[in-house]
Amino acid sequence: MSAAEPGEGGRVRPPDDPSKWSYYGAAHRYDVHGDAGAERACRERMDRLVLGGREEELRALAYAGDRCAFIALVELLVDADRAGDLREMAEAGDGRARAALVELLADRGREEELRSDADRGDGMALHALADLMVGGGRTGEALALLDGGVHPGLERRARALRLQVLLGAGMEEEVRRMAGAGDRAAARALVDRMAERGDTDALAERARAGDDRALWRWAELLASSGRPAEAEAVLRPRAEQGHPYALDLIRRLHEGRTDDLRR
């Protein structure tokens with residue numbers, strides 16, 4: 001439904017962004033009840049509350065566990081740019097409100113608030129802030145953010161995000177250097193990037209050098225491209241050594257589960 005199309009009761013819903021999953025941005029596209037009639041009744045009931053300005057009733061239903069009411073409440077707060085209300089809900093422990101708040105701040109480009117939240121240990125805010133910087137062509141700033149002493153509870157996430165930023169910016173050689181220096185997270189990220197682009201030669205090279213993750217991803221690519229016999233052949237040496245995962249992958253290949261190999 002577009003922003004110009006009224007819903008039941010004359011309500012105009014915000015446009016959907018299919019590139020995102022969020023409680024606010026996408027949840028109302030999916031059935032809450034699984035039944036078309038119940039879903040329609042739910043939307044009409046929420047529209048009456050929203051259009052009638054009955055926010056306290058809406059909140060009471062949301063806090064009592066009514067998912068329709070929660071979605072409607074978050075939509076109402078986001079559309080009105082009421083970040084403070086979302087923050088109150090988030091700080092009371094509602095992770096759904098926290099996700100909606102971070103998305104609202106990112107959508108409005110409110111970097112200082114995201115930075116403040118990240119400094120207090122909010123991993124979603126750190127991720128959103130880095131994404132904003134990268135999306136704005138500020139890769140260097142994103143890397144500086146992730147290198148520059150994040151909240152102690154976010155150090156592992158920051159390292160993973162830094163690898164994503166490096167690979168997304170085409171700086172694969174830096175990730176390769178890190179992997180060569182013994183950074184296991186970098187090695188995993190590098191292998192996954194090779195698999196994403198279907199680089200069986202690069203995976204084979206790493207697998208032959210002893211990288212098991214590269215071996216699994218190499219076998220997955222072979223199997224998914226209709227070459228299960230080759231996949232089994234590359235797994236066979238590790239299976240003969242008794243490696244349980246290699247044995248499990250070969251079992252799945254024999255069962256014809258060529259699309260079910262991803263570790």
# chains A, B, ... in the order shown; residues from 1 in each chain; ligands from 1

call {"tool": "residues_around", "arguments": {"residues": "segment 129-142 of chain A", "least_positions_apart": "3", "cutoff": "7 Å", "atoms": "only C-alpha atoms", "output": "ChimeraX atom specification"}}
result
/A:106,111,114-115,125-126,145-146

call {"tool": "residues_around", "arguments": {"residues": "Cys42 of chain A", "least_positions_apart": "4", "cutoff": "10 Å", "atoms": "only C-alpha atoms", "output": "list of chain:residue names"}}
result
A:Val32, A:His33, A:Ala36, A:Gly37, A:Ala38, A:Met46, A:Asp47, A:Asp66, A:Arg67, A:Cys68, A:Ala69

call {"tool": "write_last_selection", "arguments": {"atoms": "C-alpha atoms", "output": "short mmCIF file (atom, residue, chain, number, x, y, z; two decimals), in the first residue's frame"}}
result
data_model
loop_
_atom_site.label_atom_id
_atom_site.label_comp_id
_atom_site.auth_asym_id
_atom_site.auth_seq_id
_atom_site.Cartn_x
_atom_site.Cartn_y
_atom_site.Cartn_z
CA VAL A 32 -0.50 -11.04 12.68
CA HIS A 33 -3.37 -13.48 12.93
CA ALA A 36 -7.63 -12.62 6.48
CA GLY A 37 -10.85 -11.81 8.30
CA ALA A 38 -9.21 -11.48 11.70
CA MET A 46 -6.52 -0.10 15.29
CA ASP A 47 -7.53 2.53 12.75
CA ASP A 66 -1.76 -7.05 21.64
CA ARG A 67 0.65 -7.19 18.69
CA CYS A 68 -1.71 -5.30 16.37
CA ALA A 69 -1.84 -2.50 18.92
#

call {"tool": "closest_residue", "arguments": {"among": "A:Leu161, A:Ala231, A:Ala100, A:Ala144", "to": "Thr258 of chain A", "atoms": "only C-alpha atoms"}}
result
A:Ala231

call {"tool": "residues_around", "arguments": {"residues": "Gly121 of chain A", "least_positions_apart": "2", "cutoff": "10 Å", "atoms": "only C-alpha atoms", "output": "list of chain:residue names"}}
result
A:Arg115, A:Ser116, A:Asp117, A:Ala118, A:Asp119, A:Gly123, A:Met124, A:Ala125, A:Leu126, A:Val150, A:His151, A:Pro152, A:Gly153, A:Leu154, A:Glu155

call {"tool": "residues_around", "arguments": {"residues": "segment 195-208 of chain A", "least_positions_apart": "3", "cutoff": "10 Å", "atoms": "only C-alpha atoms", "output": "list in words"}}
result
Ala187, Ala189, Leu190, Val191, Asp192, Asp211, Asp212, Arg213, Ala214, Leu215, Trp216, Arg217, Trp218, Ala219, Glu220, Leu221, Leu222, Ser225 and Val234 of chain A

call {"tool": "write_last_selection", "arguments": {"atoms": "N, CA, C and O atoms", "output": "PDB file, in the first residue's frame"}}
result
ATOM      1  N   ALA A 187      39.626 -14.147   8.704  1.00  0.00           N
ATOM      2  CA  ALA A 187      39.679 -15.327   7.837  1.00  0.00           C
ATOM      3  C   ALA A 187      38.276 -15.814   7.499  1.00  0.00           C
ATOM      4  O   ALA A 187      37.982 -16.153   6.343  1.00  0.00           O
ATOM      5  N   ALA A 189      35.488 -14.017   7.510  1.00  0.00           N
ATOM      6  CA  ALA A 189      34.845 -13.029   6.641  1.00  0.00           C
ATOM      7  C   ALA A 189      35.367 -13.127   5.214  1.00  0.00           C
ATOM      8  O   ALA A 189      34.608 -12.994   4.245  1.00  0.00           O
ATOM      9  N   LEU A 190      36.659 -13.355   5.077  1.00  0.00           N
ATOM     10  CA  LEU A 190      37.264 -13.469   3.753  1.00  0.00           C
ATOM     11  C   LEU A 190      36.709 -14.682   3.009  1.00  0.00           C
ATOM     12  O   LEU A 190      36.348 -14.593   1.823  1.00  0.00           O
ATOM     13  N   VAL A 191      36.629 -15.799   3.696  1.00  0.00           N
ATOM     14  CA  VAL A 191      36.096 -17.014   3.077  1.00  0.00           C
ATOM     15  C   VAL A 191      34.642 -16.811   2.666  1.00  0.00           C
ATOM     16  O   VAL A 191      34.224 -17.207   1.565  1.00  0.00           O
ATOM     17  N   ASP A 192      33.860 -16.193   3.533  1.00  0.00           N
ATOM     18  CA  ASP A 192      32.459 -15.969   3.206  1.00  0.00           C
ATOM     19  C   ASP A 192      32.312 -15.047   1.996  1.00  0.00           C
ATOM     20  O   ASP A 192      31.421 -15.242   1.161  1.00  0.00           O
ATOM     21  N   ASP A 211      42.358 -24.553   5.606  1.00  0.00           N
ATOM     22  CA  ASP A 211      41.237 -23.769   6.130  1.00  0.00           C
ATOM     23  C   ASP A 211      39.954 -24.584   5.971  1.00  0.00           C
ATOM     24  O   ASP A 211      39.404 -24.704   4.876  1.00  0.00           O
ATOM     25  N   ASP A 212      39.468 -25.142   7.086  1.00  0.00           N
ATOM     26  CA  ASP A 212      38.272 -25.985   7.010  1.00  0.00           C
ATOM     27  C   ASP A 212      37.037 -25.195   6.575  1.00  0.00           C
ATOM     28  O   ASP A 212      36.181 -25.730   5.852  1.00  0.00           O
ATOM     29  N   ARG A 213      36.914 -23.968   7.032  1.00  0.00           N
ATOM     30  CA  ARG A 213      35.742 -23.190   6.627  1.00  0.00           C
ATOM     31  C   ARG A 213      35.711 -23.032   5.106  1.00  0.00           C
ATOM     32  O   ARG A 213      34.651 -23.117   4.486  1.00  0.00           O
ATOM     33  N   ALA A 214      36.880 -22.795   4.524  1.00  0.00           N
ATOM     34  CA  ALA A 214      36.942 -22.697   3.064  1.00  0.00           C
ATOM     35  C   ALA A 214      36.551 -24.022   2.422  1.00  0.00           C
ATOM     36  O   ALA A 214      35.890 -24.041   1.371  1.00  0.00           O
ATOM     37  N   LEU A 215      36.940 -25.122   3.046  1.00  0.00           N
ATOM     38  CA  LEU A 215      36.565 -26.440   2.523  1.00  0.00           C
ATOM     39  C   LEU A 215      35.054 -26.618   2.528  1.00  0.00           C
ATOM     40  O   LEU A 215      34.455 -27.068   1.540  1.00  0.00           O
ATOM     41  N   TRP A 216      34.416 -26.277   3.652  1.00  0.00           N
ATOM     42  CA  TRP A 216      32.949 -26.438   3.721  1.00  0.00           C
ATOM     43  C   TRP A 216      32.265 -25.560   2.666  1.00  0.00           C
ATOM     44  O   TRP A 216      31.354 -26.024   1.980  1.00  0.00           O
ATOM     45  N   ARG A 217      32.706 -24.320   2.548  1.00  0.00           N
ATOM     46  CA  ARG A 217      32.061 -23.411   1.598  1.00  0.00           C
ATOM     47  C   ARG A 217      32.324 -23.853   0.150  1.00  0.00           C
ATOM     48  O   ARG A 217      31.469 -23.698  -0.724  1.00  0.00           O
ATOM     49  N   TRP A 218      33.508 -24.404  -0.101  1.00  0.00           N
ATOM     50  CA  TRP A 218      33.830 -24.934  -1.425  1.00  0.00           C
ATOM     51  C   TRP A 218      32.878 -26.082  -1.766  1.00  0.00           C
ATOM     52  O   TRP A 218      32.290 -26.127  -2.859  1.00  0.00           O
ATOM     53  N   ALA A 219      32.700 -26.980  -0.818  1.00  0.00           N
ATOM     54  CA  ALA A 219      31.784 -28.108  -1.044  1.00  0.00           C
ATOM     55  C   ALA A 219      30.354 -27.624  -1.255  1.00  0.00           C
ATOM     56  O   ALA A 219      29.622 -28.144  -2.111  1.00  0.00           O
ATOM     57  N   GLU A 220      29.942 -26.632  -0.475  1.00  0.00           N
ATOM     58  CA  GLU A 220      28.590 -26.087  -0.628  1.00  0.00           C
ATOM     59  C   GLU A 220      28.380 -25.535  -2.037  1.00  0.00           C
ATOM     60  O   GLU A 220      27.338 -25.774  -2.665  1.00  0.00           O
ATOM     61  N   LEU A 221      29.358 -24.781  -2.530  1.00  0.00           N
ATOM     62  CA  LEU A 221      29.243 -24.204  -3.862  1.00  0.00           C
ATOM     63  C   LEU A 221      29.184 -25.289  -4.930  1.00  0.00           C
ATOM     64  O   LEU A 221      28.384 -25.197  -5.878  1.00  0.00           O
ATOM     65  N   LEU A 222      30.019 -26.295  -4.806  1.00  0.00           N
ATOM     66  CA  LEU A 222      30.000 -27.379  -5.774  1.00  0.00           C
ATOM     67  C   LEU A 222      28.641 -28.082  -5.778  1.00  0.00           C
ATOM     68  O   LEU A 222      28.057 -28.342  -6.844  1.00  0.00           O
ATOM     69  N   SER A 225      25.788 -26.061  -7.274  1.00  0.00           N
ATOM     70  CA  SER A 225      25.892 -25.853  -8.724  1.00  0.00           C
ATOM     71  C   SER A 225      25.746 -27.163  -9.497  1.00  0.00           C
ATOM     72  O   SER A 225      26.123 -27.257 -10.664  1.00  0.00           O
ATOM     73  N   VAL A 234      35.933 -33.557  -2.493  1.00  0.00           N
ATOM     74  CA  VAL A 234      36.767 -32.628  -1.727  1.00  0.00           C
ATOM     75  C   VAL A 234      36.587 -32.830  -0.228  1.00  0.00           C
ATOM     76  O   VAL A 234      37.487 -32.524   0.565  1.00  0.00           O
TER      77      VAL A 234
END

call {"tool": "residues_around", "arguments": {"residues": "segment 83-90 of chain A", "least_positions_apart": "6", "cutoff": "8 Å", "atoms": "only C-alpha atoms", "output": "JSON, numbers by chain"}}
result
{"A": [74, 77, 96, 97, 98, 100, 101, 104, 105]}

call {"tool": "write_last_selection", "arguments": {"atoms": "N, CA and C atoms", "output": "short mmCIF file (atom, residue, chain, number, x, y, z; two decimals), in the first residue's frame"}}
result
data_model
loop_
_atom_site.label_atom_id
_atom_site.label_comp_id
_atom_site.auth_asym_id
_atom_site.auth_seq_id
_atom_site.Cartn_x
_atom_site.Cartn_y
_atom_site.Cartn_z
N VAL A 74 3.64 1.94 17.40
CA VAL A 74 4.96 2.30 16.89
C VAL A 74 4.83 3.11 15.60
N LEU A 77 3.99 6.66 16.62
CA LEU A 77 5.11 7.39 17.20
C LEU A 77 6.16 7.74 16.14
N ARG A 96 11.71 -4.13 20.93
CA ARG A 96 11.05 -3.74 19.68
C ARG A 96 11.05 -2.22 19.54
N ALA A 97 10.80 -1.54 20.63
CA ALA A 97 10.84 -0.08 20.60
C ALA A 97 12.26 0.41 20.36
N ARG A 98 13.24 -0.29 20.92
CA ARG A 98 14.64 0.08 20.69
C ARG A 98 14.99 0.00 19.20
N ALA A 100 12.90 0.18 16.67
CA ALA A 100 12.18 1.24 15.96
C ALA A 100 12.85 2.59 16.18
N LEU A 101 13.32 2.84 17.40
CA LEU A 101 14.00 4.11 17.70
C LEU A 101 15.26 4.26 16.87
N LEU A 104 14.39 4.99 13.34
CA LEU A 104 13.91 6.37 13.19
C LEU A 104 15.08 7.35 13.19
N LEU A 105 16.00 7.21 14.12
CA LEU A 105 17.15 8.11 14.19
C LEU A 105 17.99 8.00 12.92
#

call {"tool": "atom_distance", "arguments": {"atom1": "atom CA of Pro237 of chain A", "atom2": "atom CA of Asp183 of chain A"}}
result
25.9 Å

call {"tool": "select_by_dssp", "arguments": {"residues": "segment 58-242 of chain A", "states": "helix (DSSP H, G or I)", "output": "number ranges by chain"}}
result
A: 58-63, 67-79, 83-91, 95-107, 111-119, 123-135, 139-147, 152-168, 172-180, 184-196, 200-208, 212-224, 228-240

call {"tool": "closest_residue", "arguments": {"among": "A:Pro244, A:Glu91, A:Leu76, A:Arg162", "to": "Glu174 of chain A", "atoms": "only C-alpha atoms"}}
result
A:Arg162
